[in-house]
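query33.txt follows; it contains compact mmCIF, C-alpha atoms and all ligand atoms.
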# COMPACT_ATOMS: atom_id res chain seq x y z
CA MET A 1 32.45 4.31 52.29
CA LYS A 2 33.82 6.94 54.66
CA VAL A 3 33.50 6.28 58.39
CA ALA A 4 34.44 8.61 61.26
CA VAL A 5 34.26 8.41 65.05
CA ALA A 6 32.03 11.22 66.28
CA ARG A 7 32.86 13.03 69.50
CA SER A 8 29.77 14.51 71.01
CA GLY A 9 28.11 14.85 74.40
CA SER A 10 29.40 13.60 77.70
CA ASP A 11 30.41 10.02 76.84
CA SER A 12 34.02 9.28 77.69
CA ALA A 13 36.41 11.05 75.31
CA GLU A 14 39.02 8.42 76.20
CA ARG A 15 36.85 5.67 74.78
CA GLN A 16 36.22 7.61 71.57
CA ILE A 17 39.93 8.28 71.10
CA LYS A 18 40.76 4.61 71.71
CA LEU A 19 38.19 3.54 69.14
CA SER A 20 39.51 5.90 66.45
CA THR A 21 43.09 4.76 67.18
CA ASP A 22 42.20 1.06 67.17
CA LEU A 23 40.23 1.33 63.94
CA ASP A 24 42.50 3.95 62.37
CA LEU A 25 39.53 6.21 61.69
CA PRO A 26 39.33 10.04 61.80
CA THR A 27 37.36 11.74 64.56
CA ILE A 28 34.98 14.64 64.16
CA GLU A 29 33.65 16.95 66.83
CA LEU A 30 29.92 17.50 66.69
CA PRO A 31 27.62 19.69 68.77
CA SER A 32 25.36 18.02 71.29
CA PRO A 33 22.71 17.23 70.15
CA TYR A 34 23.42 16.92 66.42
CA SER A 35 21.57 15.54 63.43
CA PRO A 36 23.36 12.87 61.33
CA ARG A 37 21.45 14.27 58.33
CA GLU A 38 23.57 17.40 58.49
CA VAL A 39 26.86 15.48 58.28
CA THR A 40 28.03 15.39 54.68
CA ASP A 41 31.77 14.61 54.84
CA PHE A 42 31.28 11.01 56.01
CA ASP A 43 28.85 8.23 55.09
CA TYR A 44 28.84 6.66 58.58
CA LEU A 45 29.55 7.75 62.13
CA LEU A 46 30.52 5.58 65.05
CA VAL A 47 29.28 7.20 68.22
CA TYR A 48 28.81 6.24 71.86
CA ARG A 49 25.36 7.04 73.22
CA ASP A 50 24.05 5.88 76.59
CA SER A 51 27.20 3.74 76.87
CA ARG A 52 26.40 1.87 73.66
CA LEU A 53 28.34 2.03 70.41
CA LEU A 54 26.12 2.98 67.46
CA LEU A 55 26.75 3.09 63.73
CA GLN A 56 24.80 5.94 62.19
CA THR A 57 24.24 6.62 58.51
CA THR A 58 24.53 10.29 57.59
CA GLY A 59 23.17 12.71 54.98
CA GLY A 60 20.24 11.85 52.67
CA ALA A 61 16.75 10.79 53.59
CA GLN A 62 17.62 7.26 54.71
CA THR A 63 19.50 7.97 57.90
CA GLY A 64 19.38 5.23 60.50
CA GLU A 65 21.45 3.61 63.17
CA LEU A 66 22.35 0.18 64.36
CA CYS A 67 24.05 -1.37 67.33
CA VAL A 68 24.54 -4.87 68.69
CA ASP A 69 21.98 -5.41 71.43
CA PHE A 70 21.63 -8.94 72.74
CA SER A 71 18.62 -7.95 74.87
CA ASP A 72 16.62 -7.26 71.69
CA ALA A 73 13.09 -8.58 72.25
CA LYS A 74 12.68 -10.19 68.80
CA LEU A 75 16.00 -11.98 69.03
CA ASN A 76 15.24 -13.31 72.51
CA HIS A 77 11.74 -14.32 71.49
CA ARG A 78 13.27 -16.42 68.71
CA ALA A 79 15.87 -17.87 71.07
CA ASN A 80 13.16 -18.83 73.57
CA SER A 81 10.45 -20.09 71.27
CA SER A 82 10.96 -23.71 70.34
CA ILE A 83 14.36 -23.04 68.77
CA ARG A 84 15.30 -26.68 69.34
CA SER A 85 12.80 -27.70 66.68
CA GLN A 86 13.80 -24.96 64.22
CA ASN A 87 15.77 -25.58 61.03
CA ILE A 88 18.92 -23.97 62.41
CA ALA A 89 19.10 -26.62 65.18
CA LYS A 90 18.47 -29.45 62.72
CA ALA A 91 21.09 -28.08 60.33
CA LEU A 92 23.70 -27.93 63.10
CA GLY A 93 22.97 -31.60 63.84
CA ILE A 94 21.76 -31.04 67.39
CA ARG A 95 20.29 -34.22 68.84
CA GLY A 96 19.73 -35.23 72.45
CA SER A 97 22.19 -33.65 74.86
CA GLN A 98 25.16 -33.40 72.49
CA ARG A 99 26.17 -29.90 71.44
CA PRO A 100 28.63 -29.24 68.61
CA VAL A 101 31.41 -26.68 69.00
CA VAL A 102 30.69 -24.08 66.31
CA LEU A 103 32.68 -21.48 64.39
CA ASP A 104 30.37 -18.76 63.03
CA ALA A 105 32.85 -17.60 60.41
CA THR A 106 30.77 -14.66 59.13
CA ALA A 107 29.57 -13.21 62.43
CA GLY A 108 27.96 -9.94 61.24
CA LEU A 109 25.79 -8.52 64.01
CA GLY A 110 25.99 -11.79 65.95
CA LYS A 111 22.30 -12.71 65.78
CA ASP A 112 22.80 -16.21 64.39
CA ALA A 113 25.70 -16.79 66.78
CA PHE A 114 23.42 -15.79 69.66
CA LEU A 115 20.75 -18.26 68.52
CA ILE A 116 23.36 -21.00 68.19
CA ALA A 117 24.73 -20.23 71.67
CA SER A 118 21.17 -20.20 73.05
CA LEU A 119 20.95 -23.83 71.90
CA GLY A 120 23.79 -24.57 74.31
CA CYS A 121 26.69 -24.62 71.82
CA GLU A 122 30.07 -22.99 72.40
CA VAL A 123 30.42 -20.52 69.50
CA SER A 124 33.49 -18.72 68.19
CA LEU A 125 32.55 -15.67 66.14
CA LEU A 126 34.85 -14.53 63.34
CA GLU A 127 34.34 -11.13 61.67
CA ARG A 128 36.64 -9.44 59.15
CA SER A 129 35.18 -5.92 59.13
CA ALA A 130 36.84 -3.80 61.81
CA VAL A 131 33.71 -1.64 62.19
CA VAL A 132 31.35 -4.61 62.56
CA HIS A 133 33.84 -6.29 64.91
CA ALA A 134 33.84 -3.13 67.10
CA LEU A 135 30.02 -3.16 67.26
CA LEU A 136 30.05 -6.84 68.22
CA ALA A 137 32.77 -6.34 70.84
CA ASP A 138 30.70 -3.53 72.36
CA GLY A 139 27.54 -5.69 72.45
CA LEU A 140 29.41 -8.54 74.12
CA ALA A 141 31.14 -6.21 76.59
CA ARG A 142 27.78 -5.13 77.97
CA THR A 143 27.10 -8.66 79.30
CA GLY A 144 26.58 -7.29 82.81
CA CYS A 145 23.56 -5.21 81.65
CA TYR A 146 21.57 -8.08 80.18
CA GLY A 147 20.65 -10.28 83.16
CA GLN A 148 21.65 -13.83 84.07
CA GLU A 149 19.97 -15.80 81.31
CA ILE A 150 21.39 -13.73 78.44
CA GLY A 151 24.70 -13.49 80.30
CA ALA A 152 24.93 -17.30 80.32
CA ILE A 153 24.35 -17.40 76.54
CA LEU A 154 26.99 -14.70 75.92
CA GLY A 155 29.37 -16.68 78.12
CA ARG A 156 29.41 -19.32 75.37
CA MET A 157 30.34 -16.75 72.68
CA LYS A 158 33.96 -15.83 71.94
CA LEU A 159 34.81 -13.09 69.43
CA HIS A 160 37.74 -13.10 66.98
CA PHE A 161 38.80 -10.53 64.42
CA GLY A 162 39.94 -11.76 61.03
CA ASP A 163 39.16 -13.20 57.63
CA LEU A 164 38.17 -16.85 57.33
CA LEU A 165 40.43 -17.17 54.30
CA GLU A 166 43.41 -16.38 56.55
CA PHE A 167 42.11 -17.84 59.81
CA VAL A 168 44.48 -20.25 61.45
CA ALA A 169 42.82 -22.38 64.08
CA ASP A 170 44.02 -25.42 65.99
CA SER A 171 43.18 -28.18 63.59
CA GLN A 172 39.97 -30.07 64.30
CA GLN A 173 38.82 -27.47 66.81
CA PHE A 174 35.31 -27.00 65.46
CA ASP A 175 32.62 -29.59 64.86
CA VAL A 176 30.61 -27.23 62.69
CA VAL A 177 31.55 -24.20 60.61
CA TYR A 178 28.55 -21.92 60.01
CA LEU A 179 28.48 -19.47 57.11
CA ASP A 180 26.08 -16.65 56.29
CA PRO A 181 28.26 -14.66 53.93
CA MET A 182 25.79 -13.06 51.58
CA PHE A 183 23.18 -10.42 51.98
CA PRO A 184 19.81 -11.22 50.43
CA GLU A 185 19.56 -9.88 46.91
CA ARG A 186 17.60 -6.68 46.73
CA ARG A 187 14.45 -7.13 44.80
CA LYS A 188 11.84 -4.42 44.52
CA SER A 189 9.42 -6.45 46.57
CA ALA A 190 11.95 -7.81 49.06
CA LYS A 191 12.05 -6.18 52.46
CA VAL A 192 15.70 -6.24 53.45
CA LYS A 193 15.74 -5.76 57.21
CA LYS A 194 16.84 -2.24 58.13
CA ASP A 195 19.95 -3.21 60.10
CA MET A 196 21.03 -5.66 57.40
CA ALA A 197 20.48 -3.02 54.69
CA ALA A 198 22.76 -0.58 56.54
CA LEU A 199 25.38 -3.29 56.98
CA GLN A 200 25.15 -4.28 53.33
CA GLN A 201 25.71 -0.70 52.26
CA LEU A 202 28.76 -0.39 54.51
CA LEU A 203 30.39 -3.67 53.48
CA GLY A 204 29.55 -3.65 49.79
CA HIS A 205 29.40 -6.70 47.55
CA GLN A 206 30.81 -9.90 49.09
CA ALA A 207 32.08 -12.11 46.29
CA ASP A 208 34.13 -14.89 47.83
CA GLY A 209 31.39 -17.39 48.75
CA ALA A 210 32.82 -20.46 47.00
CA GLU A 211 36.26 -19.91 48.52
CA LEU A 212 34.68 -19.55 51.96
CA LEU A 213 32.95 -22.89 51.57
CA ASP A 214 36.21 -24.65 50.60
CA CYS A 215 37.98 -23.10 53.56
CA ALA A 216 35.13 -23.99 55.95
CA LYS A 217 35.26 -27.62 54.79
CA LEU A 218 38.93 -27.79 55.77
CA LEU A 219 38.19 -26.45 59.26
CA ALA A 220 35.05 -28.41 60.15
CA LYS A 221 35.25 -31.84 61.79
CA LYS A 222 31.63 -32.82 61.15
CA ARG A 223 29.74 -30.42 58.90
CA VAL A 224 29.50 -27.02 57.25
CA VAL A 225 26.18 -25.19 57.43
CA VAL A 226 25.49 -22.40 54.93
CA LYS A 227 22.56 -20.05 55.42
CA ARG A 228 21.05 -18.87 52.15
CA ALA A 229 18.01 -16.94 51.03
CA LYS A 230 15.36 -19.52 50.14
CA LEU A 231 15.74 -19.20 46.36
CA SER A 232 19.46 -18.40 46.14
CA PRO A 233 21.79 -20.79 44.32
CA HIS A 234 24.09 -23.04 46.35
CA LEU A 235 27.46 -21.65 47.31
CA GLY A 236 30.23 -23.03 45.08
CA SER A 237 29.69 -25.73 42.49
CA GLY A 238 28.74 -28.85 44.48
CA LYS A 239 25.35 -29.68 45.95
CA PRO A 240 24.83 -29.86 49.71
CA ASP A 241 24.09 -33.22 51.34
CA ILE A 242 20.98 -31.93 53.13
CA GLU A 243 18.80 -28.83 52.74
CA PHE A 244 16.43 -27.42 55.36
CA LYS A 245 13.99 -24.95 53.81
CA GLY A 246 12.06 -22.35 55.76
CA SER A 247 9.70 -19.61 54.66
CA SER A 248 12.47 -17.17 53.69
CA SER A 249 15.79 -18.89 54.32
CA ARG A 250 17.44 -22.22 53.66
CA TYR A 251 20.24 -24.08 55.43
CA ASP A 252 22.55 -26.09 53.15
CA VAL A 253 24.45 -28.78 55.04
CA TYR A 254 27.74 -30.30 53.78
CA ILE A 255 28.64 -33.41 55.76
CA ILE A 256 32.35 -33.94 56.42
CA ALA A 257 32.22 -37.01 58.64
C1 LIG B 301 25.25 -11.42 56.09
S1 LIG B 301 26.37 -10.89 57.33
C2 LIG B 301 26.14 -12.12 58.60
C3 LIG B 301 24.97 -11.85 59.47
C4 LIG B 301 24.98 -12.74 60.71
N1 LIG B 301 24.71 -14.12 60.38
C5 LIG B 301 24.00 -12.25 61.77
O1 LIG B 301 23.19 -13.07 62.24
O2 LIG B 301 24.07 -11.07 62.16
C6 LIG B 301 27.93 -11.39 56.70
C7 LIG B 301 29.11 -10.95 57.59
O3 LIG B 301 30.21 -11.79 57.28
C8 LIG B 301 31.39 -11.04 57.24
N2 LIG B 301 32.33 -11.75 56.35
C9 LIG B 301 32.19 -11.94 55.02
N3 LIG B 301 33.22 -12.65 54.54
C10 LIG B 301 34.03 -12.94 55.60
C11 LIG B 301 35.26 -13.63 55.74
N4 LIG B 301 35.88 -14.12 54.69
N5 LIG B 301 35.81 -13.77 56.96
C12 LIG B 301 35.18 -13.21 58.06
N6 LIG B 301 34.01 -12.50 57.98
C13 LIG B 301 33.45 -12.37 56.76
C14 LIG B 301 30.94 -9.68 56.70
O4 LIG B 301 31.86 -8.64 57.05
C15 LIG B 301 29.58 -9.53 57.35
O5 LIG B 301 29.67 -8.84 58.57

Hey, can you dump this file as structure tokens for me?
Amino acid sequence: MKVAVARSGSDSAERQIKLSTDLDLPTIELPSPYSPREVTDFDYLLVYRDSRLLLQTTGGAQTGELCVDFSDAKLNHRANSSIRSQNIAKALGIRGSQRPVVLDATAGLGKDAFLIASLGCEVSLLERSAVVHALLADGLARTGCYGQEIGAILGRMKLHFGDLLEFVADSQQFDVVYLDPMFPERRKSAKVKKDMAALQQLLGHQADGAELLDCAKLLAKKRVVVKRAKLSPHLGSGKPDIEFKGSSSRYDVYIIA
């Protein structure tokens, strides 16, 4: 997949140059306004618009864009509506006033990490894709735009760049390691959410699930939580100790201690 940083409009050229240097990506100059449909040399563009970093798909009929926006109404509705009784809270082992320290080792667009932080947990986010990491860093850097309540949640989230399989942490730093490594399988009838579909296309097939679980078990003090599509097989060969099933997803819990 070919990605470029697009330079267009009035947004700071300095920022665009820094991004292409940091990510080692080419830049292209585009007229303002431009249509991503007309771009054929690259599959994706990273572009700043209204001070937000967007990933746009180019060419073909299915152009779209995504960005990390922690003020998203759906996400905040989920964070506000009885999340303490939801499966994610049960899977993390949240009871009473105790809050586990969590490593979300497959951070993606940071939605699960945001929900976990909204439960009051300190969350470290680990992401190995430089492009996804840049989108996340941009979303987190806009903390000042979101208001106090969201700002407090983001204050509990700390972003890291890297691969879990090579991640060196202080031993016994995390109570829980959370994994959501796989994209839901595409079935004809399945509606893969638009932003996830774009991410899936960019990142391609992710095949190292079993290895991730082994690595997570070494890092977690108390438990590993794996998010799966409801009917997907377990990660790796062993069975989880507990399963929490929802309407579309399932949380497999591996107890360490
Ligand atoms: C399905 S997405 C996670 C979505 C995320 N839970 C959310 O709420 O937005 C999986 C993400 O994990 C990342 N990933 C996969 N394997 C990884 C690894 N070994 N180390 C770090 N990140 C990894 C991928 O790059 C991708 O962004």

Give as JSON, numbers by chain the residues surrounding ligand LIG 301 (chain B) up to a distance of 6 Å, considering only C-alpha atoms and all ligand atoms.
-> {"A": [105, 106, 107, 108, 109, 110, 111, 112, 126, 127, 128, 129, 162, 163, 164, 165, 180, 181, 182, 183]}

Residues within 12 Å of segment 30-45 of chain A, all atoms listed in the file, excluding chain neighbours under 4 positions, as JSON, numbers by chain | {"A": [1, 2, 3, 4, 5, 6, 7, 8, 9, 10, 11, 16, 19, 20, 25, 26, 49, 53, 54, 55, 56, 57, 58, 59, 60, 61, 62, 63, 64, 65, 66, 67, 131, 198, 199, 201, 202, 203]}

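Residues surrounding Ala89 of chain A within 12 Å are Ala79, Ser82, Ile83, Arg84, Ser85, Gly93, Ile94, Arg95, Gly96, Gln98, Arg99, Pro100, Val102, Asp112, Ala113, Leu115, Ile116, Ala117, Ser118, Leu119, Gly120, Cys121, Val176, Tyr178, Val225, Phe244, Tyr251 and Val253 of chain A [all atoms listed in the file; sequence separation below 4 positions excluded].
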
Could you name the residues that touch Pro240 of chain A at 12 Å or less, counting only C-alpha atoms, but leaving out those on the same chain fewer than 2 positions away, as a PyMOL selection string?
-> chain A and resi 91+213+217+223-228+233-238+242-244+250-256

Restricting the output to C-alpha atoms, write the selected residues as a CSV table (one decimal), keeping the file's coordinate frame.
chain,number,residue,atom,x,y,z
A,91,ALA,CA,21.1,-28.1,60.3
A,213,LEU,CA,33.0,-22.9,51.6
A,217,LYS,CA,35.3,-27.6,54.8
A,223,ARG,CA,29.7,-30.4,58.9
A,224,VAL,CA,29.5,-27.0,57.2
A,225,VAL,CA,26.2,-25.2,57.4
A,226,VAL,CA,25.5,-22.4,54.9
A,227,LYS,CA,22.6,-20.0,55.4
A,228,ARG,CA,21.0,-18.9,52.2
A,233,PRO,CA,21.8,-20.8,44.3
A,234,HIS,CA,24.1,-23.0,46.4
A,235,LEU,CA,27.5,-21.6,47.3
A,236,GLY,CA,30.2,-23.0,45.1
A,237,SER,CA,29.7,-25.7,42.5
A,238,GLY,CA,28.7,-28.8,44.5
A,242,ILE,CA,21.0,-31.9,53.1
A,243,GLU,CA,18.8,-28.8,52.7
A,244,PHE,CA,16.4,-27.4,55.4
A,250,ARG,CA,17.4,-22.2,53.7
A,251,TYR,CA,20.2,-24.1,55.4
A,252,ASP,CA,22.6,-26.1,53.2
A,253,VAL,CA,24.4,-28.8,55.0
A,254,TYR,CA,27.7,-30.3,53.8
A,255,ILE,CA,28.6,-33.4,55.8
A,256,ILE,CA,32.4,-33.9,56.4

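Between atom CA of Val101 of chain A and atom CA of Ala216 of chain A the separation is 13.8 Å.
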
Please give the centre and size of the box around segment 50-60 of chain A (axis-aligned, containing every atom listed in the file, 3 Å added per side), with values in Å to one decimal and written as AutoDock Vina command-line options.
--center_x 24.3 --center_y 7.3 --center_z 64.8 --size_x 14.1 --size_y 16.8 --size_z 30.2

Using only C-alpha atoms, the best pick from A:Asp24, A:Asp175, A:Asp104, A:Glu211 as closest to Phe161 of chain A would be A:Asp104

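Taking atom CA of Leu46 of chain A and atom CA of Ser71 of chain A as the two end points, the separation is 20.5 Å.
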
Nearest to Asp50 of chain A: which of A:Gln86, A:Gln148, A:Ser12, A:Ser81 is it, counting only C-alpha atoms?
-> A:Ser12

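For the set A:Ala229, A:Glu166, A:Ser248, A:Ala134, the residue with the smallest atom-to-atom gap to Lys18 of chain A is A:Ala134, counting all atoms listed in the file.
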
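Atom CA of Val132 of chain A sits 15.7 Å away from atom CA of Thr21 of chain A.
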
Using all atoms listed in the file, find the one residue out of A:Ile17, A:Val47, A:Leu103, A:Leu125 that sits nearest to Leu154 of chain A.
-> A:Leu125
